[in-house]
$ cat target06.cif   # mmCIF, C-alpha atoms
data_data
#
loop_
_atom_site.label_atom_id
_atom_site.label_comp_id
_atom_site.auth_asym_id
_atom_site.auth_seq_id
_atom_site.Cartn_x
_atom_site.Cartn_y
_atom_site.Cartn_z
CA MET A 1272 -28.96 11.53 1.15
CA ASN A 1273 -32.66 12.04 0.47
CA GLU A 1274 -34.10 8.81 -0.97
CA GLN A 1275 -37.53 10.34 -1.60
CA LYS A 1276 -36.37 13.02 -4.01
CA PRO A 1277 -34.25 12.40 -7.12
CA ALA A 1278 -30.82 14.05 -7.28
CA LEU A 1279 -30.78 17.27 -9.27
CA LEU A 1280 -27.17 16.68 -10.32
CA ALA A 1281 -28.13 13.30 -11.81
CA GLN A 1282 -30.58 14.83 -14.31
CA SER A 1283 -29.71 15.05 -18.00
CA ILE A 1284 -30.66 18.14 -20.02
CA VAL A 1285 -33.55 16.23 -21.60
CA GLU A 1286 -34.84 15.14 -18.18
CA LEU A 1287 -34.61 18.73 -16.94
CA GLU A 1288 -36.39 19.99 -20.07
CA ASN A 1289 -39.24 17.56 -19.46
CA TRP A 1290 -39.46 18.68 -15.84
CA MET A 1291 -39.59 22.34 -16.92
CA ILE A 1292 -42.46 21.67 -19.30
CA GLU A 1293 -44.37 19.65 -16.68
CA ASN A 1294 -43.91 22.45 -14.14
CA GLY A 1295 -44.86 25.36 -16.37
CA GLU A 1296 -41.33 26.68 -16.82
CA ALA A 1297 -39.50 27.71 -19.98
CA LYS A 1298 -37.67 24.78 -21.60
CA TYR A 1299 -34.46 26.78 -22.13
CA ARG A 1300 -34.02 27.02 -18.36
CA ALA A 1301 -32.94 23.36 -18.33
CA LYS A 1302 -29.65 24.03 -20.12
CA GLN A 1303 -29.01 27.12 -17.96
CA ILE A 1304 -29.38 25.07 -14.78
CA PHE A 1305 -27.42 22.09 -16.15
CA GLU A 1306 -24.44 24.28 -17.11
CA GLN A 1307 -24.30 25.95 -13.70
CA LEU A 1308 -24.69 22.70 -11.78
CA HIS A 1309 -21.70 21.28 -13.62
CA ARG A 1310 -19.65 24.32 -12.63
CA GLY A 1311 -20.42 23.53 -8.99
CA ILE A 1312 -23.06 26.24 -8.49
CA SER A 1313 -25.87 25.37 -6.10
CA PRO A 1314 -29.42 26.03 -7.40
CA ASP A 1315 -29.86 28.44 -4.47
CA ASP A 1316 -26.93 30.48 -5.81
CA MET A 1317 -28.19 30.69 -9.40
CA SER A 1318 -29.05 34.37 -9.73
CA ASN A 1319 -30.58 34.07 -13.19
CA ILE A 1320 -33.45 31.66 -12.52
CA GLY A 1321 -35.64 33.44 -9.94
CA LYS A 1322 -36.77 32.54 -6.42
CA LYS A 1323 -39.94 30.76 -7.53
CA LEU A 1324 -38.04 28.33 -9.76
CA GLN A 1325 -35.48 27.77 -7.01
CA GLU A 1326 -38.31 26.83 -4.64
CA LYS A 1327 -39.77 24.41 -7.20
CA LEU A 1328 -36.38 22.77 -7.64
CA ARG A 1329 -35.95 22.36 -3.88
CA ALA A 1330 -39.41 20.79 -3.65
CA SER A 1331 -38.70 18.26 -6.44
CA PHE A 1332 -35.01 17.43 -6.08
CA HIS A 1333 -32.23 17.14 -3.55
CA TYR A 1334 -28.83 18.70 -4.17
CA HIS A 1335 -25.57 17.97 -2.39
CA LEU A 1336 -22.04 18.34 -3.65
CA PRO A 1337 -19.46 16.12 -1.89
CA GLU A 1338 -17.75 18.10 0.85
CA VAL A 1339 -14.02 18.02 1.55
CA GLU A 1340 -13.51 16.14 4.81
CA LEU A 1341 -9.76 15.94 4.36
CA LYS A 1342 -7.35 17.18 1.68
CA LEU A 1343 -3.73 16.09 1.36
CA VAL A 1344 -1.29 17.63 -1.12
CA SER A 1345 1.95 15.89 -2.06
CA ALA A 1346 5.05 18.03 -1.65
CA ILE A 1347 6.78 15.69 -4.12
CA ASP A 1348 4.58 15.83 -7.22
CA GLY A 1349 1.49 17.92 -6.42
CA THR A 1350 -0.88 14.93 -6.24
CA VAL A 1351 -4.01 15.88 -4.27
CA LYS A 1352 -5.97 13.30 -2.29
CA PHE A 1353 -9.48 14.04 -1.08
CA LEU A 1354 -11.65 12.34 1.49
CA PHE A 1355 -15.14 13.47 0.46
CA ALA A 1356 -18.14 13.40 2.81
CA LEU A 1357 -21.45 12.47 1.18
CA ALA A 1358 -24.91 13.65 2.20
CA ASP A 1359 -25.53 10.59 4.42
CA GLY A 1360 -22.20 10.91 6.26
CA ASN A 1361 -20.41 8.17 4.35
CA CYS A 1362 -17.00 9.00 2.90
CA VAL A 1363 -15.21 8.15 -0.35
CA GLU A 1364 -11.80 9.00 -1.78
CA SER A 1365 -10.69 10.75 -4.95
CA VAL A 1366 -7.18 11.52 -6.13
CA VAL A 1367 -6.11 14.24 -8.59
CA MET A 1368 -2.86 13.52 -10.40
CA LYS A 1369 -1.08 16.24 -12.33
CA TYR A 1370 0.56 15.41 -15.64
CA GLU A 1371 1.97 17.48 -18.49
CA HIS A 1372 -1.06 16.59 -20.63
CA GLY A 1373 -3.54 17.72 -17.95
CA ASN A 1374 -5.14 16.76 -14.66
CA THR A 1375 -6.47 13.24 -14.11
CA ILE A 1376 -8.89 12.32 -11.33
CA CYS A 1377 -9.32 8.83 -9.93
CA ILE A 1378 -12.83 8.52 -8.51
CA SER A 1379 -14.70 6.02 -6.34
CA SER A 1380 -17.81 4.21 -7.59
CA GLN A 1381 -19.12 2.69 -4.33
CA VAL A 1382 -18.88 3.18 -0.59
CA GLY A 1383 -16.76 0.13 0.17
CA CYS A 1384 -16.61 -2.90 -2.12
CA ARG A 1385 -17.88 -6.46 -2.03
CA MET A 1386 -15.41 -8.03 -4.47
CA GLY A 1387 -13.13 -9.21 -1.65
CA CYS A 1388 -9.74 -8.88 -3.38
CA LYS A 1389 -7.26 -9.92 -0.70
CA PHE A 1390 -4.70 -7.16 -1.34
CA CYS A 1391 -7.13 -4.22 -1.41
CA ALA A 1392 -7.92 -1.86 1.48
CA SER A 1393 -11.16 -0.71 -0.19
CA THR A 1394 -12.91 -4.04 0.26
CA ILE A 1395 -12.19 -4.43 3.99
CA GLY A 1396 -15.58 -4.13 5.68
CA GLY A 1397 -17.47 -4.89 2.46
CA ARG A 1398 -19.80 -2.76 0.39
CA VAL A 1399 -22.02 -0.21 2.14
CA ARG A 1400 -23.85 1.12 -0.91
CA ASP A 1401 -23.54 2.24 -4.52
CA LEU A 1402 -22.87 5.85 -5.46
CA GLY A 1403 -25.48 7.64 -7.54
CA PRO A 1404 -24.60 9.38 -10.83
CA ASP A 1405 -24.69 12.70 -8.94
CA GLU A 1406 -22.11 11.45 -6.41
CA LEU A 1407 -19.83 10.14 -9.16
CA LEU A 1408 -20.09 13.43 -11.02
CA GLY A 1409 -19.89 15.40 -7.78
CA GLN A 1410 -16.38 14.09 -7.04
CA VAL A 1411 -15.11 15.56 -10.31
CA ILE A 1412 -16.92 18.89 -9.87
CA ALA A 1413 -15.89 19.31 -6.21
CA ALA A 1414 -12.24 18.42 -6.92
CA GLN A 1415 -12.11 20.76 -9.90
CA LYS A 1416 -13.50 23.62 -7.79
CA GLU A 1417 -11.05 22.87 -4.99
CA ILE A 1418 -7.88 22.81 -7.14
CA GLY A 1419 -9.04 25.69 -9.35
CA GLU A 1420 -7.98 23.89 -12.54
CA ARG A 1421 -9.76 21.92 -15.24
CA ILE A 1422 -9.81 18.15 -14.91
CA SER A 1423 -9.52 16.58 -18.35
CA ASN A 1424 -9.17 12.86 -17.64
CA ILE A 1425 -11.03 10.39 -15.43
CA VAL A 1426 -9.95 7.02 -14.07
CA MET A 1427 -12.63 4.89 -12.42
CA MET A 1428 -10.24 2.95 -10.22
CA GLY A 1429 -11.01 4.23 -6.72
CA ILE A 1430 -13.09 2.57 -4.01
CA GLY A 1431 -15.63 0.09 -5.38
CA GLU A 1432 -16.14 -2.00 -8.52
CA PRO A 1433 -17.61 0.27 -11.26
CA LEU A 1434 -19.37 -2.55 -13.13
CA ASP A 1435 -21.05 -3.66 -9.89
CA ASN A 1436 -22.77 -0.26 -10.00
CA TYR A 1437 -23.53 -0.52 -13.70
CA ASP A 1438 -26.58 1.68 -14.35
CA ASN A 1439 -25.34 4.58 -12.25
CA VAL A 1440 -21.89 4.43 -13.86
CA ILE A 1441 -23.32 4.43 -17.39
CA LYS A 1442 -25.49 7.45 -16.63
CA PHE A 1443 -22.49 9.22 -15.10
CA LEU A 1444 -20.44 8.58 -18.26
CA HIS A 1445 -23.14 10.22 -20.39
CA LEU A 1446 -23.44 13.17 -18.01
CA VAL A 1447 -19.71 13.86 -17.72
CA ASN A 1448 -19.32 13.65 -21.50
CA CYS A 1449 -22.12 16.17 -22.17
CA GLU A 1450 -20.86 19.21 -24.08
CA ALA A 1451 -22.90 21.61 -21.94
CA GLY A 1452 -21.36 20.17 -18.77
CA LEU A 1453 -17.81 19.06 -17.99
CA ASN A 1454 -17.40 17.89 -21.60
CA ILE A 1455 -14.81 15.21 -20.81
CA GLY A 1456 -14.41 12.98 -23.86
CA TYR A 1457 -15.02 9.26 -23.58
CA ARG A 1458 -11.50 8.62 -24.87
CA HIS A 1459 -10.20 10.45 -21.81
CA ILE A 1460 -12.02 8.07 -19.44
CA SER A 1461 -10.67 4.75 -18.19
CA LEU A 1462 -12.78 2.19 -16.31
CA SER A 1463 -11.20 -0.59 -14.27
CA THR A 1464 -12.92 -3.87 -13.43
CA CYS A 1465 -11.84 -6.97 -11.53
CA GLY A 1466 -13.54 -9.06 -14.21
CA LEU A 1467 -17.35 -9.11 -14.12
CA VAL A 1468 -17.72 -10.91 -17.44
CA ASP A 1469 -21.48 -10.39 -17.81
CA ARG A 1470 -21.13 -6.64 -17.28
CA ILE A 1471 -18.13 -6.39 -19.64
CA LYS A 1472 -20.40 -7.86 -22.32
CA MET A 1473 -23.09 -5.29 -21.49
CA LEU A 1474 -20.51 -2.49 -21.61
CA MET A 1475 -19.36 -3.73 -25.00
CA GLU A 1476 -22.87 -3.17 -26.38
CA GLU A 1477 -22.94 0.43 -25.09
CA ASP A 1478 -20.37 1.31 -27.78
CA LEU A 1479 -18.69 3.92 -25.59
CA PRO A 1480 -15.09 4.58 -26.70
CA ILE A 1481 -13.71 4.53 -23.16
CA THR A 1482 -10.58 2.59 -22.17
CA LEU A 1483 -11.22 -0.66 -20.32
CA SER A 1484 -8.70 -1.82 -17.72
CA ILE A 1485 -8.76 -5.38 -16.41
CA SER A 1486 -7.42 -6.07 -12.92
CA LEU A 1487 -5.85 -9.44 -13.71
CA HIS A 1488 -3.12 -9.86 -11.05
CA ALA A 1489 -2.42 -13.55 -11.74
CA PRO A 1490 -1.66 -15.82 -14.71
CA ASP A 1491 -3.76 -18.86 -13.72
CA ASP A 1492 -6.96 -19.78 -11.91
CA GLU A 1493 -5.29 -21.25 -8.84
CA THR A 1494 -3.23 -18.12 -8.12
CA ARG A 1495 -5.99 -15.69 -9.08
CA SER A 1496 -8.76 -17.38 -7.09
CA ALA A 1497 -6.56 -17.27 -3.98
CA ILE A 1498 -6.40 -13.45 -4.09
CA MET A 1499 -9.52 -12.54 -6.13
CA PRO A 1500 -12.78 -14.36 -5.26
CA ILE A 1501 -14.42 -13.14 -8.49
CA ASN A 1502 -12.23 -15.68 -10.33
CA ASN A 1503 -14.28 -18.51 -8.81
CA ARG A 1504 -17.19 -17.32 -10.98
CA TRP A 1505 -15.35 -16.32 -14.14
CA GLY A 1506 -11.94 -17.89 -14.64
CA VAL A 1507 -8.93 -16.44 -16.45
CA ALA A 1508 -9.72 -18.11 -19.79
CA GLU A 1509 -13.33 -16.89 -19.90
CA LEU A 1510 -12.29 -13.40 -18.85
CA LEU A 1511 -9.60 -13.14 -21.54
CA ASP A 1512 -11.89 -14.55 -24.24
CA THR A 1513 -14.42 -11.87 -23.31
CA CYS A 1514 -11.66 -9.24 -23.57
CA ARG A 1515 -10.86 -10.44 -27.08
CA ALA A 1516 -14.53 -10.19 -28.05
CA TYR A 1517 -14.66 -6.68 -26.52
CA PHE A 1518 -11.67 -5.58 -28.59
CA ALA A 1519 -13.08 -7.13 -31.77
CA HIS A 1520 -16.41 -5.33 -31.25
CA THR A 1521 -15.16 -1.92 -30.11
CA GLY A 1522 -11.66 -1.65 -31.57
CA ARG A 1523 -10.60 -0.20 -28.22
CA LYS A 1524 -7.40 -1.54 -26.69
CA ILE A 1525 -7.55 -3.00 -23.18
CA SER A 1526 -5.02 -2.41 -20.43
CA PHE A 1527 -4.23 -5.21 -18.00
CA GLU A 1528 -3.37 -4.29 -14.41
CA TYR A 1529 -1.08 -6.64 -12.53
CA THR A 1530 -0.35 -6.03 -8.85
CA LEU A 1531 2.96 -7.59 -7.85
CA ILE A 1532 2.92 -9.28 -4.44
CA ALA A 1533 6.19 -10.63 -3.07
CA GLY A 1534 6.22 -14.42 -3.04
CA LYS A 1535 2.67 -14.70 -4.43
CA ASN A 1536 2.63 -13.79 -8.11
CA ASP A 1537 5.91 -12.00 -8.90
CA SER A 1538 8.27 -14.72 -10.10
CA VAL A 1539 9.71 -14.98 -13.61
CA GLU A 1540 7.77 -18.25 -13.87
CA ASN A 1541 4.57 -16.28 -13.19
CA ALA A 1542 5.58 -13.77 -15.86
CA ASN A 1543 6.15 -16.52 -18.44
CA LYS A 1544 2.79 -18.07 -17.57
CA LEU A 1545 1.13 -14.68 -17.93
CA ALA A 1546 2.69 -14.06 -21.34
CA LYS A 1547 1.65 -17.52 -22.51
CA VAL A 1548 -2.00 -17.16 -21.45
CA LEU A 1549 -2.32 -13.61 -22.83
CA ASN A 1550 -0.84 -14.59 -26.19
CA ALA A 1551 -2.97 -17.73 -26.36
CA HIS A 1552 -6.29 -15.98 -25.75
CA LEU A 1553 -5.71 -12.55 -27.28
CA ARG A 1554 -3.61 -13.19 -30.36
CA SER A 1555 -3.78 -15.43 -33.40
CA ARG A 1556 -2.02 -15.71 -36.77
CA THR A 1557 -4.67 -13.60 -38.49
CA GLU A 1558 -5.46 -11.09 -35.76
CA THR A 1559 -3.19 -9.34 -33.28
CA MET A 1560 -4.62 -7.51 -30.30
CA PRO A 1561 -2.25 -4.99 -28.70
CA ILE A 1562 -1.44 -6.13 -25.17
CA HIS A 1563 -0.18 -3.82 -22.46
CA VAL A 1564 0.42 -4.93 -18.88
CA ASN A 1565 0.66 -2.23 -16.22
CA LEU A 1566 2.76 -3.57 -13.33
CA ILE A 1567 1.89 -2.20 -9.89
CA PRO A 1568 3.91 -3.06 -6.77
CA VAL A 1569 1.25 -3.81 -4.15
CA ASN A 1570 0.24 -1.10 -1.70
CA GLU A 1571 1.12 -2.49 1.70
CA VAL A 1572 -1.95 -2.59 3.98
CA ALA A 1573 -1.57 -3.73 7.58
CA GLU A 1574 -4.65 -5.98 7.45
CA THR A 1575 -3.45 -8.00 4.42
CA GLY A 1576 0.15 -8.73 5.40
CA PHE A 1577 1.19 -8.62 1.72
CA LYS A 1578 4.57 -7.10 0.84
CA LYS A 1579 5.54 -5.34 -2.36
CA SER A 1580 8.03 -6.94 -4.72
CA ASN A 1581 11.54 -5.54 -4.70
CA LYS A 1582 12.88 -3.56 -7.66
CA ALA A 1583 14.89 -6.50 -9.00
CA ALA A 1584 11.84 -8.77 -9.05
CA VAL A 1585 9.74 -6.08 -10.77
CA ALA A 1586 12.42 -5.52 -13.42
CA ALA A 1587 12.83 -9.27 -14.03
CA PHE A 1588 9.05 -9.69 -14.38
CA ALA A 1589 8.81 -6.86 -16.91
CA LYS A 1590 11.80 -8.18 -18.88
CA ALA A 1591 10.25 -11.66 -19.09
CA LEU A 1592 7.00 -10.23 -20.48
CA GLU A 1593 8.83 -8.06 -23.02
CA ALA A 1594 10.79 -11.12 -24.21
CA LYS A 1595 7.47 -12.78 -25.06
CA GLY A 1596 6.15 -9.78 -27.00
CA ILE A 1597 4.07 -8.30 -24.18
CA ARG A 1598 4.51 -4.57 -23.58
CA ALA A 1599 5.01 -3.95 -19.86
CA THR A 1600 5.35 -0.73 -17.90
CA VAL A 1601 5.76 -0.16 -14.17
CA ARG A 1602 3.28 2.33 -12.78
CA ARG A 1603 4.96 5.39 -11.31
CA LYS A 1604 3.77 5.84 -7.73
CA LEU A 1605 2.39 9.34 -7.22
CA GLY A 1606 1.69 11.01 -3.89
CA SER A 1607 3.91 8.62 -1.95
CA ASP A 1608 4.27 11.12 0.88
CA ILE A 1609 0.48 11.39 1.35
CA ASN A 1610 -0.37 7.68 1.08
CA ALA A 1611 -2.35 8.25 -2.11
CA SER A 1612 -3.23 4.57 -2.56
CA CYS A 1613 -6.93 3.86 -2.47
CA GLY A 1614 -8.94 3.01 0.63
CA GLN A 1615 -6.46 4.17 3.26
CA LEU A 1616 -8.08 7.48 4.19
CA ARG A 1617 -11.55 6.00 4.44
CA ARG A 1618 -10.26 3.16 6.63
CA ALA A 1619 -8.56 5.65 8.93
CA ALA A 1620 -11.74 7.73 9.16
CA MET A 1621 -13.84 4.62 9.95
CA LYS A 1622 -11.45 3.58 12.72
CA LYS A 1623 -11.54 7.10 14.14
CA ASP A 1624 -15.35 7.09 14.22
#
$ encode --input "target06.cif" --output "structure tokens"
Amino acid sequence: MNEQKPALLAQSIVELENWMIENGEAKYRAKQIFEQLHRGISPDDMSNIGKKLQEKLRASFHYHLPEVELKLVSAIDGTVKFLFALADGNCVESVVMKYEHGNTICISSQVGCRMGCKFCASTIGGRVRDLGPDELLGQVIAAQKEIGERISNIVMMGIGEPLDNYDNVIKFLHLVNCEAGLNIGYRHISLSTCGLVDRIKMLMEEDLPITLSISLHAPDDETRSAIMPINNRWGVAELLDTCRAYFAHTGRKISFEYTLIAGKNDSVENANKLAKVLNAHLRSRTETMPIHVNLIPVNEVAETGFKKSNKAAVAAFAKALEAKGIRATVRRKLGSDINASCGQLRRAAMKKD
């Protein structure tokens, strides 16, 4: 990655228009270039802009689309997992999941992660660096080119904590939503956070109609702090109160992710505690916030030693939540034959190196 030059793929149409004017080029060229970039066309391969403009672009910007280091395709459900190599040699993962309503991509927001969640492979080894808007966008463009089909939905739930890379993520959201580019609607984008309360409040003020997902994973501070260090800064009560404020301001429902770990947080007692705390902080007599808990049996990672809950425990947990008025669904595991859970490919590549 070239730190001296800005990334061409990170430029908005307005920024490109300003550059055109400053460099004596026709303003309309900006939209031409923007449209082609978002189709995965390198500036050197744009036949309609001329050699001189191509040279100017090379002198002012750097351009690099993530390259496929490894591609795995599930024989079970068609899920495609990519290990993408970035310009500096670092790697990140993206997963394309195929549904009847269209293709969804789960992208990474950082190389590594510093949040330290005990059950997560992505955080082992810590955070190396943030991804730029071009690298976030590049995962979608490169995957779309590779599968030869349109990607219509984005989940920001891959390697990294999106709100820990706030400015780059916000710019990416604007770029990917642009009508002249990939034109993916905000309502088709979901962003997952482990609970950075200050950034959730900032996101609330952006007024972007995306779906917010909260990685909760425990019903109380003692249990949550033991597996998620972020809880030592912002506890369960403060996090849930912020979620209620977010819903009141945006009108956008929030999904709560709950990873079930055998013997840690998967008992019926835990489920009853979870229902009680969610109802207490998110509902009142005059105002009812829709609550949906997405239950996820933990991905077993050798370094953590955690084991996934058995089917009976998962079913009992969901039933206990439903009895308390909390909608609960169990996430269907896609790409089980290619180990499509996040962080595994990158870890394997790091060990190999």
$ closest_residue --input "target06.cif" --among "A:Leu1553, A:Val1426, A:Ala1583, A:Ile1347" --to "A:Ala1533" --atoms "all atoms listed in the file"
A:Ala1583
$ closest_atom_pairs --input "target06.cif" --of "stretch 1295-1400 of chain A" --to "stretch 1481-1492 of chain A" --cutoff "12 Å" --atoms "only C-alpha atoms" --output "CSV"
residue,atom,partner,partner_atom,distance
A:Met1386,CA,A:Ser1486,CA,11.8
A:Cys1388,CA,A:His1488,CA,10.2
A:Lys1389,CA,A:His1488,CA,11.1
A:Phe1390,CA,A:His1488,CA,10.2
A:Cys1391,CA,A:Ser1486,CA,11.7
$ atom_distance --input "target06.cif" --atom1 "atom CA of A:Leu1605" --atom2 "atom CA of A:Ser1423"
17.8 Å
$ resolve_selection --input "target06.cif" --expression "the PyMOL selection byres ((chain A and resi 1354-1358) around 6)" --output "list of chain:residue names"
A:Met1272, A:Pro1337, A:Glu1338, A:Val1339, A:Glu1340, A:Leu1341, A:Phe1353, A:Asp1359, A:Gly1360, A:Asn1361, A:Cys1362, A:Val1363, A:Glu1364
$ residues_around --input "target06.cif" --residues "stretch 1584-1594 of chain A" --least-positions-apart "2" --cutoff "9 Å" --atoms "only C-alpha atoms" --output "count of residues only"
24
$ closest_atom_pairs --input "target06.cif" --of "stretch 1429-1497 of chain A" --to "stretch 1301-1315 of chain A" --cutoff "9 Å" --atoms "all atoms listed in the file" --output "CSV"
residue,atom,partner,partner_atom,distance
A:Val1447,CA,A:His1309,CA,8.7
A:Ala1451,CA,A:Glu1306,CA,5.7
A:Gly1452,CA,A:His1309,CA,5.3
A:Leu1453,CA,A:His1309,CA,6.3
$ residues_around --input "target06.cif" --residues "A:Ala1551" --least-positions-apart "6" --cutoff "10 Å" --atoms "all atoms listed in the file" --output "ChimeraX atom specification"
/A:1508,1511-1512,1545
$ closest_residue --input "target06.cif" --among "A:His1335, A:Arg1554, A:Lys1524, A:Arg1385" --to "A:Ile1501" --atoms "only C-alpha atoms"
A:Arg1385
$ residues_around --input "target06.cif" --residues "A:Ile1418" --least-positions-apart "2" --cutoff "12 Å" --atoms "all atoms listed in the file" --output "list in words"
Val1339, Lys1342, Leu1343, Val1344, Gly1349, Thr1350, Val1351, Lys1352, Phe1353, Val1366, Val1367, Met1368, Lys1369, Asn1374, Thr1375, Ile1376, Val1411, Ile1412, Ala1413, Ala1414, Gln1415, Lys1416, Glu1420, Arg1421 and Ile1422 of chain A
$ resolve_selection --input "target06.cif" --expression "the PyMOL selection byres ((chain A and resi 1525) around 12)" --output "NGL selection string"
:A and (1461-1464 or 1471 or 1475 or 1480-1487 or 1511 or 1513-1519 or 1521-1524 or 1526-1528 or 1549 or 1553 or 1560-1565)
$ atom_distance --input "target06.cif" --atom1 "atom CA of A:His1372" --atom2 "atom CA of A:Leu1446"
22.8 Å
$ closest_residue --input "target06.cif" --among "A:Cys1384, A:Leu1279, A:Asp1348, A:Gly1373" --to "A:His1459" --atoms "only C-alpha atoms"
A:Gly1373
$ atom_distance --input "target06.cif" --atom1 "atom CA of A:Ile1498" --atom2 "atom CA of A:Thr1530"
10.7 Å
$ residues_near_point --input "target06.cif" --point "(-21.9, -2.5, -0.7)" --cutoff "9 Å" --atoms "all atoms listed in the file" --output "ChimeraX atom specification"
/A:1381-1385,1397-1401,1431
$ closest_residue --input "target06.cif" --among "A:Asn1448, A:Asn1439, A:Asn1503, A:Gln1275" --to "A:Leu1402" --atoms "all atoms listed in the file"
A:Asn1439
$ closest_residue --input "target06.cif" --among "A:Leu1280, A:Tyr1457, A:Cys1377, A:Gln1325" --to "A:Leu1408" --atoms "all atoms listed in the file"
A:Leu1280
$ residues_around --input "target06.cif" --residues "stretch 1327-1332 of chain A" --least-positions-apart "3" --cutoff "6 Å" --atoms "only C-alpha atoms" --output "ChimeraX atom specification"
/A:1276-1279,1324
$ closest_residue --input "target06.cif" --among "A:Lys1578, A:Gly1387, A:Pro1500, A:Ser1345" --to "A:Lys1604" --atoms "only C-alpha atoms"
A:Ser1345
$ decode --input "target06.cif" --residues "stretch 1281-1306 of chain A" --atoms "C-alpha atoms" --output "short mmCIF file (atom, residue, chain, number, x, y, z; two decimals), in the first residue's frame"
data_model
loop_
_atom_site.label_atom_id
_atom_site.label_comp_id
_atom_site.auth_asym_id
_atom_site.auth_seq_id
_atom_site.Cartn_x
_atom_site.Cartn_y
_atom_site.Cartn_z
CA ALA A 1281 -11.56 5.81 -2.11
CA GLN A 1282 -12.48 8.98 -4.02
CA SER A 1283 -16.09 10.13 -4.26
CA ILE A 1284 -17.43 11.59 -7.52
CA VAL A 1285 -17.22 15.09 -6.04
CA GLU A 1286 -13.59 14.55 -5.01
CA LEU A 1287 -12.77 13.26 -8.49
CA GLU A 1288 -14.57 16.22 -10.08
CA ASN A 1289 -12.48 18.63 -8.01
CA TRP A 1290 -9.31 16.79 -9.02
CA MET A 1291 -10.31 16.99 -12.71
CA ILE A 1292 -10.82 20.74 -12.50
CA GLU A 1293 -7.52 21.25 -10.64
CA ASN A 1294 -5.69 19.18 -13.27
CA GLY A 1295 -7.21 20.78 -16.35
CA GLU A 1296 -9.47 17.86 -17.23
CA ALA A 1297 -13.16 17.83 -18.12
CA LYS A 1298 -15.38 17.49 -15.05
CA TYR A 1299 -17.57 14.79 -16.63
CA ARG A 1300 -14.60 12.44 -16.69
CA ALA A 1301 -15.00 11.98 -12.92
CA LYS A 1302 -18.25 10.04 -13.23
CA GLN A 1303 -16.86 7.98 -16.13
CA ILE A 1304 -13.88 6.91 -14.04
CA PHE A 1305 -15.95 6.34 -10.88
CA GLU A 1306 -18.40 4.04 -12.71
#
